[in-house]
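Please read the structure below before turning to the comments.
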2 protein chains.
Amino acid sequence: MTLKKLELSVGELAQRAGIAPSAVRFYEDQGLIFSRRTSGNQRRYHRAMLRRVAFIRASQTAGIPLAVIADVLSELGDHESPPKSMWEAASKRWIDDLNNRIALLENMRDMIGSCVGCGCLSLGECHLLNPGDEMNKLGPGPRRLMRD
Amino acid sequence: MTLKKLELSVGELAQRAGIAPSAVRFYEDQGLIFSRRTSGNQRRYHRAMLRRVAFIRASQTAGIPLAVIADVLSELGDHESPPKSMWEAASKRWIDDLNNRIALLENMRDMIGSCVGCGCLSLGECHLLNPGDEMNKLGPGPRRLMRD
DNA sequence: TAGCGAGTTCAAGTTCGCTTGAAGTCGCCT
DNA sequence: AGGCGACTTCAAGCGAACTTGAACTCGCTA
């Protein structure tokens, strides 16, 4: 019946993307998405923003901070057809990062697995708890799970 | 020459664990580690706390929030020989969680890999950006990368 | 025993990723 | 034309994980 809208209000985008309207505005403030305004100053989002939000959420799920997502997204630009080379570079960045994070988690998991039942928190022979500085090097600062 | 100390001050523990003294105190406030006090009210940590801090940092690196770490650690208790069954349960919890997170990251990576060069942020055929609700289901709330 | 680097507490500040609230405006349906 | 739900901005608040600063005390060394 109704024909497919190509512009969405904040509330519509929010609902269809599965996030709160406040989050949509927040993302726009942060330069992650953009909109045009109606004569009455209301936001109107192109349907493409749905995909952009999906990309943002997916990236977040992988633990990538908004600032980094914004960075990649801004390199992609506001235009409709982003340069392929840019997207390739961004993808490489993502993948390298994801691979690092996956490796870390796998190490954790395997170490914990080998720990089961050893009671190692009070004994001395666990290689999770005596990792020879490996872990210390990897996560020194505050909540820096990733990035540079 | 000097014999191995079995108690460490805040600063010593901090340095040897590779974190700031303020972080050490913070962890103690949060019940992640504990100490005895000297007659002059200064903290003295048992060497075992080094391992505990290593464990905390390792867990954090895997993206596990302090509250959860504290939870597991408190179940393990302050005593020297934690019940094996408890440690097994905790390990299972960790491993399940890690496996979930690893799967998520691998999906992300593979999707991005298959995206290289497709320019999909503006085109319509990318399965990263049109994941059929998969991703939306997985990461709906704010920064909830994990937990329950 | 004096000095001073390291320790103490407590309150406030910081970043991230939003949410909430107040005060007011828009736009669509009847 | 009126009504009311959805929109607007701006400021403040929140929880996690710490850091910073002020004001003061300890404890080891010379």
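A note on labels: chains of the structure tokens are A, B, ... as shown, every chain counts residues from 1, and ligands are counted from 1 in their shown order.
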
Mind dumping a table of every chain C residue within 10 Å of chain A, with the nearest atom pair and its distance in Å to one decimal, using only C-alpha atoms (C1' of nucleotides), sorted by chain and rising number, as JSON lines?
{"residue": "C:DC16", "atom": "C1'", "partner": "A:Pro65", "partner_atom": "CA", "distance": 8.4}
{"residue": "C:DG17", "atom": "C1'", "partner": "A:Leu66", "partner_atom": "CA", "distance": 8.4}
{"residue": "C:DC18", "atom": "C1'", "partner": "A:Ala23", "partner_atom": "CA", "distance": 6.5}
{"residue": "C:DT19", "atom": "C1'", "partner": "A:Ser22", "partner_atom": "CA", "distance": 7.3}
{"residue": "C:DT20", "atom": "C1'", "partner": "A:Ser22", "partner_atom": "CA", "distance": 9.8}
{"residue": "C:DT25", "atom": "C1'", "partner": "A:Gly40", "partner_atom": "CA", "distance": 8.3}
{"residue": "C:DC26", "atom": "C1'", "partner": "A:Gly40", "partner_atom": "CA", "distance": 6.2}
{"residue": "C:DG27", "atom": "C1'", "partner": "A:Gly40", "partner_atom": "CA", "distance": 8.8}

Next, write the just-selected residues to a file, as a compact mmCIF listing (two decimals), in the first residue's frame, keeping C-alpha atoms (C1' of nucleotides) as the atom set.
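In the end it all went to selection_1.txt:
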# COMPACT_ATOMS: atom_id res chain seq x y z
C1' DC C 16 33.11 7.14 26.66
C1' DG C 17 28.56 6.39 25.19
C1' DC C 18 24.74 7.50 25.96
C1' DT C 19 20.03 8.92 28.74
C1' DT C 20 17.03 12.22 31.01
C1' DT C 25 8.19 24.00 18.26
C1' DC C 26 6.53 21.13 14.22
C1' DG C 27 3.57 18.56 11.37

Distance-based interface of chain D with chain A, 12 Å, counting only C-alpha atoms (C1' of nucleotides), as a PDB file with C-alpha atoms (C1' of nucleotides), in the first residue's frame:
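Just written: iface.pdb:
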ATOM      1  C1'  DG D   5       2.487  13.284  19.539  1.00  0.00           C
ATOM      2  C1'  DA D   6       6.917  13.674  17.781  1.00  0.00           C
ATOM      3  C1'  DC D   7      10.267  16.734  17.171  1.00  0.00           C
ATOM      4  C1'  DT D   8      13.999  20.642  18.660  1.00  0.00           C
ATOM      5  C1'  DT D   9      18.142  22.309  21.754  1.00  0.00           C
ATOM      6  C1'  DA D  16      32.871   2.287  34.341  1.00  0.00           C
ATOM      7  C1'  DA D  17      37.618   2.697  35.378  1.00  0.00           C
ATOM      8  C1'  DC D  18      40.607   5.348  36.812  1.00  0.00           C
ATOM      9  C1'  DT D  19      43.533   9.901  37.639  1.00  0.00           C
TER      10       DT D  19
END
